[in-house]
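The file work_38.csv comes next; it holds CSV, C-alpha atoms.
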chain,number,residue,atom,x,y,z
R,1,MET,CA,-17.8,59.6,-27.1
R,2,ARG,CA,-15.2,57.0,-27.9
R,3,TYR,CA,-14.5,56.6,-24.2
R,4,LEU,CA,-18.2,55.9,-23.5
R,5,LEU,CA,-18.4,53.4,-26.3
R,6,PHE,CA,-15.3,51.6,-24.9
R,7,LEU,CA,-16.9,51.4,-21.5
R,8,GLY,CA,-20.0,50.0,-23.0
R,9,PHE,CA,-18.0,47.3,-24.8
R,10,LEU,CA,-16.3,46.3,-21.6
R,11,THR,CA,-19.6,46.1,-19.9
R,12,LEU,CA,-21.1,43.8,-22.6
R,13,LEU,CA,-17.9,41.7,-22.5
R,14,GLY,CA,-18.2,41.3,-18.7
R,15,CYS,CA,-21.9,40.3,-19.0
R,16,HIS,CA,-21.0,37.8,-21.7
R,17,GLN,CA,-18.3,36.2,-19.5
R,18,LYS,CA,-20.6,35.9,-16.5
R,19,LYS,CA,-23.2,34.0,-18.6
R,20,ARG,CA,-20.6,31.5,-19.8
R,21,PRO,CA,-21.9,28.0,-18.7
R,22,VAL,CA,-20.0,26.2,-15.9
R,23,GLN,CA,-18.5,22.9,-16.9
R,24,HIS,CA,-18.4,19.9,-14.5
R,25,ASN,CA,-15.7,17.3,-14.4
R,26,THR,CA,-16.8,14.1,-12.7
R,27,ALA,CA,-14.2,11.7,-11.3
R,28,VAL,CA,-14.6,8.4,-9.5
R,29,ALA,CA,-13.1,7.8,-6.1
R,30,PRO,CA,-13.2,4.7,-3.8
R,31,ASN,CA,-15.5,4.8,-0.8
R,32,LYS,CA,-16.1,2.4,2.1
R,33,GLU,CA,-19.4,0.9,3.1
R,34,VAL,CA,-19.8,-1.6,5.9
R,35,VAL,CA,-22.1,-4.4,4.7
R,36,PHE,CA,-21.6,-6.9,7.5
R,37,GLU,CA,-20.3,-6.8,11.1
R,38,GLY,CA,-20.0,-8.8,14.3
R,39,LEU,CA,-17.5,-11.3,13.0
R,40,ASN,CA,-14.7,-12.7,15.3
R,41,ARG,CA,-11.6,-11.9,13.3
R,42,PRO,CA,-12.7,-12.9,9.8
R,43,TRP,CA,-9.9,-14.4,7.8
R,44,SER,CA,-11.3,-15.5,4.4
R,45,ILE,CA,-14.4,-15.4,2.3
R,46,ALA,CA,-15.7,-17.6,-0.5
R,47,PHE,CA,-18.8,-16.4,-2.4
R,48,LEU,CA,-21.6,-18.9,-3.0
R,49,SER,CA,-23.6,-16.2,-4.8
R,50,GLU,CA,-23.7,-12.4,-4.9
R,51,GLN,CA,-25.7,-12.6,-1.7
R,52,GLU,CA,-24.3,-15.6,0.2
R,53,ALA,CA,-20.8,-16.5,1.2
R,54,LEU,CA,-18.7,-18.8,3.4
R,55,VAL,CA,-16.6,-16.9,5.9
R,56,THR,CA,-13.9,-18.2,8.3
R,57,GLU,CA,-13.4,-16.6,11.7
R,58,LYS,CA,-9.9,-17.0,13.1
R,59,ASN,CA,-11.3,-17.2,16.6
R,60,GLY,CA,-14.7,-18.6,15.8
R,61,ASN,CA,-16.4,-20.7,13.2
R,62,LEU,CA,-16.9,-21.5,9.6
R,63,LEU,CA,-20.0,-19.5,8.8
R,64,LYS,CA,-22.5,-19.0,6.0
R,65,ILE,CA,-23.5,-15.4,5.9
R,66,ASP,CA,-26.3,-13.5,4.0
R,67,LEU,CA,-25.2,-10.0,3.0
R,68,ARG,CA,-28.8,-9.0,2.2
R,69,SER,CA,-30.5,-10.1,5.4
R,70,LYS,CA,-27.3,-9.5,7.6
R,71,THR,CA,-27.6,-13.0,9.1
R,72,LYS,CA,-25.1,-15.7,9.8
R,73,LYS,CA,-25.3,-19.5,10.3
R,74,VAL,CA,-22.6,-21.8,11.8
R,75,ILE,CA,-21.6,-24.6,9.5
R,76,LYS,CA,-21.9,-27.8,11.5
R,77,GLY,CA,-19.4,-30.7,11.6
R,78,PHE,CA,-16.1,-28.7,11.7
R,79,PRO,CA,-13.2,-31.0,12.7
R,80,THR,CA,-12.9,-31.3,16.5
R,81,ASP,CA,-9.1,-30.9,16.5
R,82,LEU,CA,-9.4,-27.2,15.8
R,83,THR,CA,-7.5,-24.9,18.1
R,84,ASP,CA,-7.7,-21.1,18.2
R,85,SER,CA,-6.1,-18.2,20.1
R,86,ILE,CA,-8.9,-17.4,22.4
R,87,GLY,CA,-7.3,-17.2,25.9
R,88,ALA,CA,-3.8,-17.3,24.4
R,89,ILE,CA,-0.9,-16.4,26.7
R,90,HIS,CA,0.6,-14.2,23.9
R,91,ILE,CA,-1.4,-11.7,21.9
R,92,GLY,CA,0.4,-12.8,18.7
R,93,ASP,CA,-1.0,-16.4,18.8
R,94,ASN,CA,-2.2,-17.1,15.3
R,95,SER,CA,-4.0,-20.3,15.9
R,96,GLY,CA,-7.5,-20.6,14.4
R,97,ILE,CA,-9.3,-21.1,11.1
R,98,TYR,CA,-7.7,-19.7,8.0
R,99,GLU,CA,-8.6,-20.0,4.3
R,100,VAL,CA,-11.8,-21.3,2.7
R,101,LEU,CA,-12.1,-22.0,-1.0
R,102,LEU,CA,-14.7,-23.6,-3.3
R,103,HIS,CA,-13.9,-26.4,-5.7
R,104,PRO,CA,-14.1,-25.2,-9.3
R,105,ASP,CA,-17.1,-27.6,-9.7
R,106,PHE,CA,-18.7,-26.7,-6.4
R,107,SER,CA,-22.1,-26.1,-7.9
R,108,THR,CA,-22.3,-29.8,-8.9
R,109,ASN,CA,-20.1,-31.6,-6.3
R,110,GLY,CA,-20.4,-29.4,-3.2
R,111,ARG,CA,-16.7,-29.7,-2.4
R,112,ILE,CA,-14.7,-27.1,-0.4
R,113,TYR,CA,-11.2,-26.7,0.9
R,114,PHE,CA,-10.2,-25.1,4.1
R,115,SER,CA,-7.2,-24.7,6.5
R,116,TYR,CA,-6.8,-24.3,10.2
R,117,ALA,CA,-4.6,-24.9,13.2
R,118,ALA,CA,-5.0,-28.5,14.4
R,119,LYS,CA,-4.0,-29.7,17.8
R,120,LYS,CA,-2.9,-33.1,19.0
R,121,ARG,CA,-3.0,-33.8,22.8
R,122,GLY,CA,0.4,-33.8,24.4
R,123,VAL,CA,2.2,-32.9,21.1
R,124,GLY,CA,1.1,-29.4,20.1
R,125,LYS,CA,-0.4,-27.8,17.0
R,126,THR,CA,0.3,-27.5,13.3
R,127,THR,CA,-1.3,-26.3,10.0
R,128,LYS,CA,-3.8,-28.7,8.5
R,129,PHE,CA,-5.5,-28.6,5.1
R,130,VAL,CA,-8.6,-30.6,4.3
R,131,MET,CA,-11.4,-31.0,1.8
R,132,ALA,CA,-15.0,-31.8,2.6
R,133,GLN,CA,-18.5,-32.0,1.3
R,134,LEU,CA,-20.8,-29.1,2.2
R,135,GLU,CA,-24.4,-30.2,2.3
R,136,ASN,CA,-27.4,-28.7,4.2
R,137,ASP,CA,-25.0,-26.3,6.0
R,138,SER,CA,-22.9,-29.3,7.4
R,139,LEU,CA,-19.5,-30.7,6.6
R,140,THR,CA,-19.3,-34.4,5.7
R,141,ASP,CA,-16.7,-36.7,4.1
R,142,ILE,CA,-13.8,-34.6,5.6
R,143,GLN,CA,-10.5,-35.8,4.1
R,144,PRO,CA,-7.0,-34.4,5.1
R,145,ILE,CA,-4.8,-33.1,2.3
R,146,LEU,CA,-1.8,-32.0,4.2
R,147,VAL,CA,-0.9,-32.1,7.9
R,148,ALA,CA,2.3,-30.1,8.3
R,149,GLU,CA,4.0,-32.2,10.9
R,150,PRO,CA,5.8,-32.0,13.3
R,151,PHE,CA,3.3,-30.7,15.8
R,152,THR,CA,4.8,-28.0,18.1
R,153,TYR,CA,3.7,-25.7,20.9
R,154,ILE,CA,4.8,-22.6,19.0
R,155,ASN,CA,1.8,-20.4,18.2
R,156,TYR,CA,3.1,-18.5,15.2
R,157,HIS,CA,3.5,-18.5,11.4
R,158,TYR,CA,1.1,-21.2,10.3
R,159,GLY,CA,0.6,-19.8,6.8
R,160,GLY,CA,-2.7,-21.4,5.7
R,161,GLY,CA,-3.2,-19.8,2.3
R,162,ILE,CA,-5.0,-21.7,-0.5
R,163,THR,CA,-5.6,-21.0,-4.1
R,164,ILE,CA,-6.2,-23.0,-7.3
R,165,GLY,CA,-3.8,-22.2,-10.2
R,166,PRO,CA,-4.6,-22.0,-13.9
R,167,ASP,CA,-3.3,-25.6,-14.1
R,168,GLN,CA,-6.2,-26.7,-11.9
R,169,LYS,CA,-3.8,-27.6,-9.0
R,170,LEU,CA,-4.1,-26.7,-5.3
R,171,TYR,CA,-1.4,-24.4,-3.9
R,172,LEU,CA,-1.1,-24.4,-0.1
R,173,THR,CA,1.2,-22.3,2.1
R,174,VAL,CA,2.8,-23.4,5.3
R,175,GLY,CA,4.8,-21.0,7.6
R,176,GLU,CA,8.0,-22.1,9.3
R,177,ARG,CA,6.4,-21.7,12.7
R,178,LEU,CA,9.4,-20.1,14.6
R,179,PHE,CA,9.3,-16.8,16.4
R,180,TRP,CA,13.1,-16.5,17.1
R,181,GLU,CA,15.7,-17.4,14.5
R,182,HIS,CA,18.0,-18.7,17.3
R,183,ASP,CA,15.6,-21.6,17.7
R,184,GLU,CA,16.4,-22.8,14.2
R,185,PRO,CA,18.0,-26.3,13.9
R,186,PRO,CA,21.4,-26.6,12.2
R,187,LEU,CA,19.6,-26.8,8.8
R,188,PRO,CA,16.9,-24.1,9.0
R,189,ILE,CA,13.4,-25.4,8.8
R,190,ALA,CA,12.4,-23.4,5.6
R,191,GLN,CA,15.6,-24.8,3.9
R,192,ASP,CA,15.0,-28.4,4.9
R,193,VAL,CA,13.1,-30.2,2.1
R,194,THR,CA,12.3,-33.2,4.4
R,195,ASP,CA,10.2,-30.8,6.5
R,196,PRO,CA,6.9,-29.4,5.1
R,197,ARG,CA,7.1,-26.1,7.1
R,198,GLY,CA,8.3,-22.9,5.4
R,199,LYS,CA,7.1,-24.1,2.0
R,200,ILE,CA,4.5,-23.8,-0.7
R,201,HIS,CA,2.9,-27.1,-1.6
R,202,ARG,CA,1.1,-28.3,-4.8
R,203,PHE,CA,-1.6,-30.9,-5.0
R,204,ASN,CA,-4.2,-32.2,-7.4
R,205,LEU,CA,-7.8,-31.2,-6.7
R,206,ASP,CA,-8.5,-34.7,-5.3
R,207,GLY,CA,-5.6,-34.3,-2.7
R,208,SER,CA,-3.1,-36.5,-4.6
R,209,ILE,CA,0.4,-35.3,-5.5
R,210,PRO,CA,1.1,-34.3,-9.1
R,211,GLN,CA,3.7,-36.3,-10.9
R,212,ASP,CA,5.3,-33.1,-12.4
R,213,ASN,CA,6.1,-31.5,-9.0
R,214,PRO,CA,9.8,-30.3,-8.7
R,215,LYS,CA,12.2,-33.1,-7.7
R,216,LEU,CA,14.0,-31.8,-4.7
R,217,GLY,CA,15.8,-34.9,-3.5
R,218,PRO,CA,15.2,-38.5,-2.6
R,219,ASN,CA,13.9,-37.7,0.9
R,220,ALA,CA,12.1,-34.5,0.0
R,221,VAL,CA,8.4,-34.1,0.9
R,222,PRO,CA,6.9,-34.7,-2.6
R,223,SER,CA,4.3,-32.0,-2.4
R,224,ILE,CA,6.8,-29.2,-1.9
R,225,TYR,CA,6.7,-26.7,-4.8
R,226,ALA,CA,8.9,-23.9,-3.4
R,227,LEU,CA,10.9,-23.3,-0.2
R,228,GLY,CA,12.7,-20.8,1.9
R,229,ILE,CA,9.5,-19.1,3.0
R,230,ARG,CA,9.0,-17.6,6.5
R,231,ASN,CA,5.2,-17.1,6.5
R,232,THR,CA,2.9,-16.7,3.6
R,233,GLN,CA,-0.8,-16.0,4.3
R,234,GLY,CA,-2.0,-14.9,0.9
R,235,ILE,CA,-1.6,-16.4,-2.6
R,236,ALA,CA,-3.5,-15.4,-5.8
R,237,VAL,CA,-3.5,-15.9,-9.6
R,238,GLN,CA,-2.7,-13.0,-11.9
R,239,PRO,CA,-5.4,-13.2,-14.6
R,240,GLU,CA,-3.4,-11.7,-17.4
R,241,THR,CA,-0.4,-14.0,-17.1
R,242,GLY,CA,-1.6,-17.0,-15.0
R,243,ARG,CA,1.3,-16.4,-12.6
R,244,LEU,CA,0.9,-17.0,-8.9
R,245,TRP,CA,1.8,-14.2,-6.5
R,246,PHE,CA,2.2,-14.5,-2.8
R,247,THR,CA,2.8,-12.2,0.2
R,248,GLU,CA,5.6,-12.8,2.6
R,249,HIS,CA,5.8,-11.7,6.3
R,250,GLY,CA,9.2,-10.5,7.3
R,251,THR,CA,10.5,-9.9,10.9
R,252,ILE,CA,11.9,-6.4,11.3
R,253,GLN,CA,10.7,-5.1,7.9
R,254,GLY,CA,11.3,-7.7,5.2
R,255,ASP,CA,7.7,-7.9,4.0
R,256,GLU,CA,7.6,-9.0,0.4
R,257,LEU,CA,5.7,-9.8,-2.8
R,258,ASN,CA,6.9,-12.8,-4.7
R,259,ILE,CA,6.1,-14.6,-7.9
R,260,LEU,CA,5.9,-18.3,-7.4
R,261,GLN,CA,8.3,-20.4,-9.5
R,262,PRO,CA,8.6,-24.2,-9.4
R,263,GLY,CA,11.5,-25.3,-7.2
R,264,ALA,CA,12.5,-21.8,-6.3
R,265,ASN,CA,14.2,-21.0,-3.0
R,266,TYR,CA,13.1,-17.6,-1.5
R,267,GLY,CA,16.0,-17.5,0.9
R,268,TRP,CA,14.6,-17.5,4.5
R,269,PRO,CA,16.4,-17.2,6.9
R,270,ASN,CA,19.6,-16.9,4.9
R,271,VAL,CA,18.4,-14.0,2.8
R,272,THR,CA,15.9,-11.3,3.8
R,273,THR,CA,15.1,-7.7,2.8
R,274,GLY,CA,14.7,-6.9,6.5
R,275,LYS,CA,16.5,-7.8,9.7
R,276,LEU,CA,16.5,-11.0,11.8
R,277,ARG,CA,14.8,-10.9,15.1
R,278,SER,CA,17.7,-12.7,16.8
R,279,GLN,CA,20.6,-10.4,16.3
R,280,ASP,CA,23.1,-13.0,17.3
R,281,TYR,CA,21.9,-15.6,14.9
R,282,LYS,CA,24.0,-16.5,11.9
R,283,PRO,CA,22.4,-18.8,9.3
R,284,PRO,CA,24.6,-21.5,7.9
R,285,LYS,CA,26.2,-21.1,4.6
R,286,LEU,CA,24.4,-23.3,2.0
R,287,GLU,CA,26.6,-24.5,-0.8
R,288,GLY,CA,25.2,-24.6,-4.4
R,289,VAL,CA,22.0,-22.9,-3.5
R,290,THR,CA,20.5,-20.1,-5.7
R,291,PHE,CA,18.0,-17.7,-4.0
R,292,THR,CA,15.1,-16.0,-5.8
R,293,ASN,CA,14.7,-12.3,-5.2
R,294,PRO,CA,11.4,-10.8,-4.3
R,295,THR,CA,9.4,-8.9,-6.9
R,296,TRP,CA,8.7,-6.1,-4.4
R,297,PHE,CA,9.5,-5.3,-0.8
R,298,TRP,CA,8.5,-2.6,1.6
R,299,HIS,CA,11.0,-0.5,3.6
R,300,HIS,CA,8.6,-0.4,6.5
R,301,THR,CA,6.5,-3.1,8.2
R,302,VAL,CA,3.2,-3.8,6.5
R,303,ALA,CA,2.4,-7.5,7.5
R,304,PRO,CA,0.8,-8.2,4.1
R,305,THR,CA,-2.0,-10.9,4.0
R,306,GLY,CA,-4.7,-12.1,1.6
R,307,LEU,CA,-4.0,-10.4,-1.8
R,308,HIS,CA,-6.3,-10.2,-4.8
R,309,PHE,CA,-6.1,-9.2,-8.5
R,310,TYR,CA,-9.1,-7.0,-9.4
R,311,THR,CA,-11.1,-7.9,-12.5
R,312,GLY,CA,-14.4,-6.0,-11.9
R,313,GLU,CA,-16.0,-3.1,-13.8
R,314,GLU,CA,-16.8,-0.6,-11.1
R,315,PHE,CA,-13.2,0.9,-11.2
R,316,PRO,CA,-12.1,0.6,-14.9
R,317,SER,CA,-8.7,2.2,-14.2
R,318,TRP,CA,-8.0,-0.5,-11.6
R,319,LYS,CA,-8.5,-3.4,-14.0
R,320,ASN,CA,-6.0,-6.2,-13.2
R,321,ASN,CA,-4.4,-4.2,-10.4
R,322,LEU,CA,-3.1,-6.1,-7.4
R,323,PHE,CA,-4.6,-5.3,-4.0
R,324,VAL,CA,-2.7,-6.1,-0.8
R,325,PRO,CA,-4.1,-5.5,2.7
R,326,GLY,CA,-1.8,-5.1,5.7
R,327,LEU,CA,-2.3,-5.9,9.4
R,328,SER,CA,0.4,-3.4,10.5
R,329,GLN,CA,-1.0,0.2,10.5
R,330,GLY,CA,-4.1,-1.0,8.6
R,331,SER,CA,-2.8,-0.3,5.2
R,332,LEU,CA,-4.4,-1.2,1.8
R,333,TRP,CA,-2.1,-1.1,-1.2
R,334,ARG,CA,-2.9,-1.0,-5.0
R,335,PHE,CA,-0.3,-2.0,-7.5
R,336,HIS,CA,-0.3,-1.4,-11.2
R,337,ILE,CA,1.5,-4.2,-12.8
R,338,GLU,CA,2.7,-4.8,-16.4
R,339,GLY,CA,3.8,-8.4,-16.9
R,340,ASP,CA,6.0,-9.2,-13.9
R,341,THR,CA,6.9,-5.6,-13.2
R,342,LEU,CA,5.3,-3.4,-10.6
R,343,LYS,CA,5.0,0.0,-12.3
R,344,SER,CA,3.4,2.0,-9.5
R,345,ALA,CA,2.1,1.6,-5.9
R,346,GLU,CA,-0.6,3.5,-4.1
R,347,GLU,CA,-1.7,3.3,-0.5
R,348,LEU,CA,-5.5,3.8,-0.3
R,349,PHE,CA,-7.6,5.2,2.6
R,350,LEU,CA,-4.8,7.0,4.4
R,351,ASP,CA,-7.4,8.8,6.6
R,352,SER,CA,-9.3,5.7,7.5
R,353,ARG,CA,-6.9,2.8,8.0
R,354,VAL,CA,-8.3,-0.5,9.2
R,355,ARG,CA,-6.4,-3.7,10.0
R,356,SER,CA,-7.3,-6.0,7.1
R,357,ARG,CA,-6.9,-9.7,6.6
R,358,LYS,CA,-8.3,-10.3,3.1
R,359,VAL,CA,-9.3,-8.6,-0.2
R,360,ALA,CA,-11.9,-10.5,-2.2
R,361,GLN,CA,-14.3,-10.0,-5.1
R,362,SER,CA,-17.9,-11.1,-5.6
R,363,PRO,CA,-19.2,-13.0,-8.7
R,364,GLU,CA,-20.4,-9.6,-10.1
R,365,GLY,CA,-17.0,-8.0,-9.5
R,366,LYS,CA,-17.7,-6.0,-6.3
R,367,LEU,CA,-14.6,-5.4,-4.2
R,368,TYR,CA,-14.5,-6.3,-0.4
R,369,ILE,CA,-12.1,-6.3,2.5
R,370,LEU,CA,-12.3,-8.2,5.7
R,371,THR,CA,-11.2,-6.4,8.9
R,372,ASP,CA,-9.2,-8.2,11.6
R,373,SER,CA,-10.8,-7.5,14.9
R,374,GLU,CA,-13.1,-9.1,17.5
R,375,GLU,CA,-15.9,-7.1,16.0
R,376,GLY,CA,-14.8,-7.8,12.4
R,377,GLN,CA,-16.5,-6.3,9.4
R,378,ILE,CA,-16.9,-7.0,5.7
R,379,ILE,CA,-16.5,-3.7,4.0
R,380,ARG,CA,-17.4,-3.0,0.4
R,381,ILE,CA,-15.1,-0.7,-1.6
R,382,LYS,CA,-17.5,1.1,-4.0
R,383,PRO,CA,-17.2,4.1,-6.4
R,384,LYS,CA,-18.2,7.5,-5.3
R,385,ALA,CA,-18.6,10.2,-7.9
R,386,ILE,CA,-16.8,13.5,-7.2
R,387,THR,CA,-17.9,16.4,-9.3
R,388,LYS,CA,-15.7,19.5,-9.7
R,389,GLU,CA,-16.7,22.8,-11.2
R,390,VAL,CA,-14.5,24.0,-14.1
R,391,HIS,CA,-15.1,27.7,-14.9

Rewrite the structure from the file as structure tokens, please.
Amino acid sequence: MRYLLFLGFLTLLGCHQKKRPVQHNTAVAPNKEVVFEGLNRPWSIAFLSEQEALVTEKNGNLLKIDLRSKTKKVIKGFPTDLTDSIGAIHIGDNSGIYEVLLHPDFSTNGRIYFSYAAKKRGVGKTTKFVMAQLENDSLTDIQPILVAEPFTYINYHYGGGITIGPDQKLYLTVGERLFWEHDEPPLPIAQDVTDPRGKIHRFNLDGSIPQDNPKLGPNAVPSIYALGIRNTQGIAVQPETGRLWFTEHGTIQGDELNILQPGANYGWPNVTTGKLRSQDYKPPKLEGVTFTNPTWFWHHTVAPTGLHFYTGEEFPSWKNNLFVPGLSQGSLWRFHIEGDTLKSAEELFLDSRVRSRKVAQSPEGKLYILTDSEEGQIIRIKPKAITKEVH
């Protein structure tokens, strides 16, 4: 009888366990959604509203796009000295249109900034930064801010990054333009303060030069803010600290993240976390020079480009994280940062890599990436709920 009662108890216990409700644990994961396509190597995006944006095509035009209607319109009046890499002899030709950025008071003054590769007949090309009035989908009152002379026939490392710092100053990046280190002059280009190449420059919003720029010598280009830079395409403000961070292209490895400091020398080509392309090149010894170390560097090639600090609400755990896209292998990196210290790094979308030129955020905080291809896309990174059963 006791045995039968025990079996009955086990049966009731089993029934009770089977009826226990299933719990669900819901997590949020990033997901990709193509929201615009058919762009010729898009480089940069500046949102006019949640629906409309200006987009630069490296091998195309300055466009106004409508994300809702999926339409695009060419902005008229772009400078006629533009040169791009269509029909280039070498696939690595980086000529074209680069950054576009709105003036902080764009809604009232209609001013924009942009950069591109400019040509001069019989002389070559260089990086050029201008400001202009945007009215009725046309550019007027175009004024140069910086023409990074000399013009050369070398087709690489233009830089072209633009941002506005918390000090309401323009920060412009110019690459050192060489492919091989053995082509360096006796004093390397990025180390020569009389040469605007291989530098980050600082201007007032009206294109004039601030009086408090670093004093780097009597013959120094007065707009230089930092030097020793090979090729910076991306520069962005860290919201929590107001610091400016920039990406750096290495040669054989040597890709870096740096924090911008006034007057700092970031070492190129004397110091690099990678290797020089010209194995027989020996940079000159520079007396009395202090080099600034990178905040982060990769041990493999990433080719980092247009970085962005995320401040949206769709991914709460990503608040103030730094996003860095890469051209090499199509990587997208997320960094958790505390102050000036990178605490963790995560590479996203390992199963769906895409060569990316820019990470950007809309006015409502939506996160986007621009893909670098002849059929380039704007991809939104949006949350996708993943529900797991917990028994």

Tell me which protein, DNA and RNA residues are within 9 Å of Tyr281 in chain R, counting all atoms listed in the file, leaving out same-chain ones fewer than 5 positions away, and put them as a VMD selection string.
chain R and resid 181 to 182 276

Near Val123 in chain R, counting only C-alpha atoms, which residues have an atom at most 12 Å away, once you skip same-chain residues fewer than 6 positions from it, shown as a tab-separated table (two decimals) with C-alpha atoms, in the frame of the given file?
chain	number	residue	atom	x	y	z
R	149	GLU	CA	4.00	-32.20	10.90
R	150	PRO	CA	5.80	-32.00	13.30
R	151	PHE	CA	3.30	-30.70	15.80
R	152	THR	CA	4.80	-28.00	18.10
R	153	TYR	CA	3.70	-25.70	20.90
R	154	ILE	CA	4.80	-22.60	19.00

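Atom pair CA of Ala236 in chain R / CA of Gln261 in chain R: separated by 13.3 Å.
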
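Counting all atoms listed in the file and comparing R:Leu227, R:Ile75, R:Leu101, R:Val221, the residue that lies closest to Val147 in chain R is R:Val221.
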
If we count all atoms listed in the file and set the cut-off at 10 Å, which residues sit around Val55 in chain R, ignoring sequence neighbours fewer than 2 positions away in its own chain? Please answer as a tab-separated table (two decimals) with C-alpha atoms, in the coordinates of the input.
chain	number	residue	atom	x	y	z
R	39	LEU	CA	-17.50	-11.30	13.00
R	42	PRO	CA	-12.70	-12.90	9.80
R	43	TRP	CA	-9.90	-14.40	7.80
R	44	SER	CA	-11.30	-15.50	4.40
R	45	ILE	CA	-14.40	-15.40	2.30
R	46	ALA	CA	-15.70	-17.60	-0.50
R	47	PHE	CA	-18.80	-16.40	-2.40
R	52	GLU	CA	-24.30	-15.60	0.20
R	53	ALA	CA	-20.80	-16.50	1.20
R	57	GLU	CA	-13.40	-16.60	11.70
R	58	LYS	CA	-9.90	-17.00	13.10
R	61	ASN	CA	-16.40	-20.70	13.20
R	62	LEU	CA	-16.90	-21.50	9.60
R	63	LEU	CA	-20.00	-19.50	8.80
R	64	LYS	CA	-22.50	-19.00	6.00
R	65	ILE	CA	-23.50	-15.40	5.90
R	72	LYS	CA	-25.10	-15.70	9.80
R	74	VAL	CA	-22.60	-21.80	11.80
R	75	ILE	CA	-21.60	-24.60	9.50
R	97	ILE	CA	-9.30	-21.10	11.10
R	98	TYR	CA	-7.70	-19.70	8.00
R	99	GLU	CA	-8.60	-20.00	4.30
R	100	VAL	CA	-11.80	-21.30	2.70
R	101	LEU	CA	-12.10	-22.00	-1.00
R	370	LEU	CA	-12.30	-8.20	5.70
R	378	ILE	CA	-16.90	-7.00	5.70

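The two atoms in question, CA of Thr247 in chain R and CA of His336 in chain R, are spaced 16.0 Å apart.
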
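CA of Arg177 in chain R sits 26.1 Å away from CA of Ala360 in chain R.
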
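Proximity to Asn59 in chain R was assessed for R:Asp84, R:Asp105, R:Asp206, R:Glu37 counting all atoms listed in the file; the smallest distance is recorded for R:Asp84.
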
With a distance cut-off of 12 Å and only C-alpha atoms, select the neighbouring residues of range 285-297 of chain R, excluding the residue or stretch itself and same-chain residues fewer than 5 positions from it, and output the selection as a ChimeraX atom specification.
/R:186-188,191-192,226-229,244-250,253-274,302-304,324,335,337,339-345

Which neighbours of Ala117 in chain R fall inside 6 Å, counting all atoms listed in the file, when residues of the same chain fewer than 5 positions from it are skipped, and could you give them as a PDB file with C-alpha atoms, in the coordinates of the input?
ATOM      1  CA  LEU R  82      -9.400 -27.200  15.800  1.00  0.00           C
ATOM      2  CA  THR R  83      -7.500 -24.900  18.100  1.00  0.00           C
ATOM      3  CA  SER R  95      -4.000 -20.300  15.900  1.00  0.00           C
ATOM      4  CA  GLY R  96      -7.500 -20.600  14.400  1.00  0.00           C
ATOM      5  CA  THR R 126       0.300 -27.500  13.300  1.00  0.00           C
ATOM      6  CA  THR R 127      -1.300 -26.300  10.000  1.00  0.00           C
TER       7      THR R 127
END

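Using all atoms listed in the file, the smallest distance between any of R:Arg353, R:Ile381, R:Asp81, R:Tyr156 and Lys120 in chain R comes from R:Asp81.
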
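Comparing the minimum interatomic distances between Asp280 in chain R and each of R:Trp180, R:Phe309, R:Tyr225, R:Tyr171, counting only C-alpha atoms, we find that R:Trp180 sits nearest.
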
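In terms of minimum interatomic distance to Phe36 in chain R, R:Leu67 ranks closest within R:Ile142, R:Leu134, R:Val237, R:Leu67, counting only C-alpha atoms.
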